[in-house]
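Visitor: Handing you this structure, nothing more for now.
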Amino acid sequence: MKIGYPCINYSIGKKTISTFRLSSYSEEKLIQSIKYNLNTLLEILNYNIDHNLMFFRISSDIVPFASHPLCTFNWQDLFRTDFKKIGEFILKNNLRISMHPDQFVIINAKDKNIVERSIGELEYHREILDLMNLDNSAKIQIHIGGVYGEKELSKKRFISNFDLLSDRLKKRLVIENDDHLYHLNDCLEIHDELGIPVLFDTFHHECFGDDLDLIEAIKKVDHTWNHSKDGIMMIDYSNQEKDKRKGKHSKTLLLKNFLEFIRLCSFTDFDIMLEVKDKEQSAKKARKLLDQINNDSTMFKNKIFYYKES
DNA sequence: CTTAGTCAAGGGGTA
DNA sequence: TACCCCTTGACTAAG
């Protein structure tokens, strides 16, 4: 099991992603940003190795405005060697990588222009992973999209629009259950049609329960991953921020809940992405906890959870 | 220098 | 109907 966190590391002492406003776009700014972002990515990955955090989500902003029509610059060629080097570094250290395009990517949109732009953005994500020469266990995760008042039809549109994607992209794409529109069963249904793996988000499942028991859910999801091609499954984990709107991610990892989750689900293996605000801090807490469990197998049996928050 | 408003992109929910 | 939320953080103009 690899522990990961998304996009940003606050411990390195500088900002992680350099971007800018569209109105101040220039090729020079673009080049400077990419250069900075690739260097920072390497720094973060080094930090992660030092702390045994072997799973990381790369920010969609690594190349700002990459899929925008304004961006015609051939950044791929200019940074080809740098991407390749980072990919070799990832491979050498056995790191797991994912990406998560933002909410504007909607494959099942009714508007053809939105579909087209979404595919452009997805192909950009694929290109990043391809430039690093990562195999298909490096995934791009998206939600199913809009409902438009007719869910079944919208699911069908996802399935038919999926065909518009390149083969390379299809092999990297996974779908994630969201917190109020498409639940796990919807994802599993689409998996049955398309064969793409389902990325299970524990918190969304909690928010938007469909009576499917956690263990049953994990078992079902596990079967959607072809382990030799896709790697072991990725799971998103987070907690509810207390006294806030349902679905609000917590600032930090609640270790008690996390331990209980691990205890319930340790019958199988997966890589886990911690979607909490304090990023690497929580990842380190989780890592410490898992190490403690590994060193003391009686911990589960005796239910002695003596981990202390530091 | 500090701070508040704003940033490419869609859709759904809530007040 | 207007504003909030989503991986929200970070850029930028105004003070």
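In the structure tokens, the first chain shown is A, the next is B, and so on; residue numbers restart at 1 for each chain, and ligands run from 1 in the order shown.
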Residues of chain A that have any atom at most 7 Å from an atom of chain C: could you tabulate them with the shortest-distance atom pair and the distance in Å to one decimal, using only C-alpha atoms (C1' of nucleotides), ordered by chain and increasing number, as CSV?

Guide:
residue,atom,partner,partner_atom,distance
A:Pro6,CA,C:DT7,C1',6.9
A:Phe20,CA,C:DC11,C1',6.0
A:Arg21,CA,C:DC11,C1',6.7
A:Gln103,CA,C:DC6,C1',6.8

Visitor: Could you save those same residues with N, CA and C atoms as a PDB file, in the first residue's frame?

Guide:
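Contents of result.pdb, as written:
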ATOM      1  N   PRO A   6      -2.405  14.970  -2.833  1.00  0.00           N
ATOM      2  CA  PRO A   6      -2.558  15.635  -4.122  1.00  0.00           C
ATOM      3  C   PRO A   6      -1.773  16.933  -4.289  1.00  0.00           C
ATOM      4  N   PHE A  20      -0.405  31.654 -13.969  1.00  0.00           N
ATOM      5  CA  PHE A  20      -0.638  33.083 -14.167  1.00  0.00           C
ATOM      6  C   PHE A  20      -1.996  33.264 -14.805  1.00  0.00           C
ATOM      7  N   ARG A  21      -2.404  34.519 -14.983  1.00  0.00           N
ATOM      8  CA  ARG A  21      -3.707  34.804 -15.579  1.00  0.00           C
ATOM      9  C   ARG A  21      -3.626  34.750 -17.094  1.00  0.00           C
ATOM     10  N   GLN A 103     -13.323  20.089 -12.651  1.00  0.00           N
ATOM     11  CA  GLN A 103     -14.750  19.842 -12.857  1.00  0.00           C
ATOM     12  C   GLN A 103     -15.270  20.251 -14.225  1.00  0.00           C
TER      13      GLN A 103
END

Visitor: Select all residues from chain B having any atom no more than 12 Å from an atom of chain A (counting only C-alpha atoms (C1' of nucleotides), ignoring ligands), output as a PyMOL selection string.

Guide: chain B and resi 6-14

Visitor: Those same residues - N, CA and C atoms (P, O5', C5', C4', C3', O3' and C1' of nucleotides) - I'd like them written as a PDB file, in the first residue's frame.

Guide:
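Full text of again.pdb as output:
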ATOM      1  P    DT B   6     -14.301  41.239  -8.000  1.00  0.00           P
ATOM      2  O5'  DT B   6     -13.354  40.234  -8.775  1.00  0.00           O
ATOM      3  C5'  DT B   6     -12.217  40.751  -9.475  1.00  0.00           C
ATOM      4  C4'  DT B   6     -11.354  39.592  -9.896  1.00  0.00           C
ATOM      5  C3'  DT B   6     -12.091  38.499 -10.672  1.00  0.00           C
ATOM      6  O3'  DT B   6     -11.540  38.435 -11.967  1.00  0.00           O
ATOM      7  C1'  DT B   6     -10.653  37.573  -9.032  1.00  0.00           C
ATOM      8  P    DC B   7     -12.329  37.674 -13.097  1.00  0.00           P
ATOM      9  O5'  DC B   7     -11.350  36.455 -13.384  1.00  0.00           O
ATOM     10  C5'  DC B   7     -10.001  36.717 -13.788  1.00  0.00           C
ATOM     11  C4'  DC B   7      -9.168  35.482 -13.533  1.00  0.00           C
ATOM     12  C3'  DC B   7      -9.629  34.229 -14.290  1.00  0.00           C
ATOM     13  O3'  DC B   7      -8.507  33.672 -14.948  1.00  0.00           O
ATOM     14  C1'  DC B   7      -9.295  33.754 -12.007  1.00  0.00           C
ATOM     15  P    DA B   8      -8.487  33.882 -16.494  1.00  0.00           P
ATOM     16  O5'  DA B   8      -9.375  32.634 -16.916  1.00  0.00           O
ATOM     17  C5'  DA B   8      -9.083  31.966 -18.143  1.00  0.00           C
ATOM     18  C4'  DA B   8     -10.374  31.725 -18.862  1.00  0.00           C
ATOM     19  C3'  DA B   8     -11.522  31.294 -17.969  1.00  0.00           C
ATOM     20  O3'  DA B   8     -12.768  31.490 -18.673  1.00  0.00           O
ATOM     21  C1'  DA B   8     -10.648  29.423 -19.142  1.00  0.00           C
ATOM     22  P    DA B   9     -14.169  31.151 -17.835  1.00  0.00           P
ATOM     23  O5'  DA B   9     -14.448  29.632 -18.235  1.00  0.00           O
ATOM     24  C5'  DA B   9     -14.763  29.322 -19.585  1.00  0.00           C
ATOM     25  C4'  DA B   9     -14.868  27.819 -19.720  1.00  0.00           C
ATOM     26  C3'  DA B   9     -15.801  27.183 -18.681  1.00  0.00           C
ATOM     27  O3'  DA B   9     -16.572  26.180 -19.307  1.00  0.00           O
ATOM     28  C1'  DA B   9     -13.721  26.141 -18.602  1.00  0.00           C
ATOM     29  P    DG B  10     -18.153  26.365 -19.361  1.00  0.00           P
ATOM     30  O5'  DG B  10     -18.597  25.090 -18.513  1.00  0.00           O
ATOM     31  C5'  DG B  10     -18.155  23.798 -18.925  1.00  0.00           C
ATOM     32  C4'  DG B  10     -19.021  22.782 -18.251  1.00  0.00           C
ATOM     33  C3'  DG B  10     -20.524  23.051 -18.341  1.00  0.00           C
ATOM     34  O3'  DG B  10     -21.178  21.798 -18.471  1.00  0.00           O
ATOM     35  C1'  DG B  10     -19.824  23.221 -16.074  1.00  0.00           C
ATOM     36  P    DG B  11     -22.766  21.746 -18.592  1.00  0.00           P
ATOM     37  O5'  DG B  11     -23.205  21.380 -17.120  1.00  0.00           O
ATOM     38  C5'  DG B  11     -22.702  20.184 -16.546  1.00  0.00           C
ATOM     39  C4'  DG B  11     -23.124  20.119 -15.103  1.00  0.00           C
ATOM     40  C3'  DG B  11     -24.620  20.334 -14.891  1.00  0.00           C
ATOM     41  O3'  DG B  11     -25.129  19.143 -14.323  1.00  0.00           O
ATOM     42  C1'  DG B  11     -23.319  21.610 -13.357  1.00  0.00           C
ATOM     43  P    DG B  12     -26.635  19.005 -13.980  1.00  0.00           P
ATOM     44  O5'  DG B  12     -26.631  19.308 -12.425  1.00  0.00           O
ATOM     45  C5'  DG B  12     -25.798  18.518 -11.583  1.00  0.00           C
ATOM     46  C4'  DG B  12     -25.892  19.027 -10.171  1.00  0.00           C
ATOM     47  C3'  DG B  12     -27.322  19.206  -9.666  1.00  0.00           C
ATOM     48  O3'  DG B  12     -27.389  18.616  -8.397  1.00  0.00           O
ATOM     49  C1'  DG B  12     -26.087  21.187  -9.336  1.00  0.00           C
ATOM     50  P    DG B  13     -28.767  18.446  -7.625  1.00  0.00           P
ATOM     51  O5'  DG B  13     -28.552  19.386  -6.356  1.00  0.00           O
ATOM     52  C5'  DG B  13     -27.383  19.210  -5.556  1.00  0.00           C
ATOM     53  C4'  DG B  13     -27.275  20.354  -4.587  1.00  0.00           C
ATOM     54  C3'  DG B  13     -28.580  20.665  -3.842  1.00  0.00           C
ATOM     55  O3'  DG B  13     -28.273  20.879  -2.486  1.00  0.00           O
ATOM     56  C1'  DG B  13     -27.777  22.605  -4.912  1.00  0.00           C
ATOM     57  P    DT B  14     -29.433  20.845  -1.397  1.00  0.00           P
ATOM     58  O5'  DT B  14     -29.271  22.289  -0.732  1.00  0.00           O
ATOM     59  C5'  DT B  14     -27.973  22.814  -0.486  1.00  0.00           C
ATOM     60  C4'  DT B  14     -28.072  24.327  -0.319  1.00  0.00           C
ATOM     61  C3'  DT B  14     -29.309  24.794   0.459  1.00  0.00           C
ATOM     62  O3'  DT B  14     -28.904  25.788   1.367  1.00  0.00           O
ATOM     63  C1'  DT B  14     -29.177  25.938  -1.567  1.00  0.00           C
TER      64       DT B  14
END

Visitor: Mind checking DSSP for stretch 231-298 of chain A and telling me the strand (DSSP E) residues as a ChimeraX atom specification?

Guide: /A:234-237,271-274

Visitor: Would you compute the distance between atom CA of A:Asp163 and atom CA of A:Asp111? Give it in Å to one decimal.

Guide: 16.5 Å

Visitor: Apply DSSP to the structure's backbone, then extract all residues of stretch 7-227 of chain A labelled helix (DSSP H, G or I) and return them as a PyMOL selection string.

Guide: chain A and resi 22-24+27-50+60-62+75-78+80-92+112-131+151-162+167-170+184-194+202-207+214-222+227

Visitor: So that I can see what lies close to A:Ser166, please list as a ChimeraX atom specification the residues with an atom at most 10 Å from it, counting only C-alpha atoms (C1' of nucleotides) and leaving out residues fewer than 5 positions away in the same chain.

Guide: /A:119,122-123,126,171

Visitor: Between atom CA of A:Glu116 and atom CA of A:Ile159, what is the spacing in Å?

Guide: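 Interatomic distance, atom CA of A:Ile159 to atom CA of A:Glu116: 15.2 Å.
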
Visitor: Can you build me a table of stretch 7-112 of chain A residues sitting at most 12 Å from stretch 217-233 of chain A, with the closest atom pair per residue and its distance in Å to one decimal, using only C-alpha atoms, sorted by chain and residue number, as CSV?

Guide:
residue,atom,partner,partner_atom,distance
A:Asn94,CA,A:Gly231,CA,11.9
A:Leu95,CA,A:Gly231,CA,11.8
A:Arg96,CA,A:Gly231,CA,9.2
A:Ile97,CA,A:Gly231,CA,11.0
A:Ser98,CA,A:Met233,CA,11.4

Visitor: Please compute the atom CA of A:Ile142-atom CA of A:Ile3 distance, one decimal, in Å.

Guide: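 About the pair atom CA of A:Ile142 and atom CA of A:Ile3: they are 20.1 Å apart.
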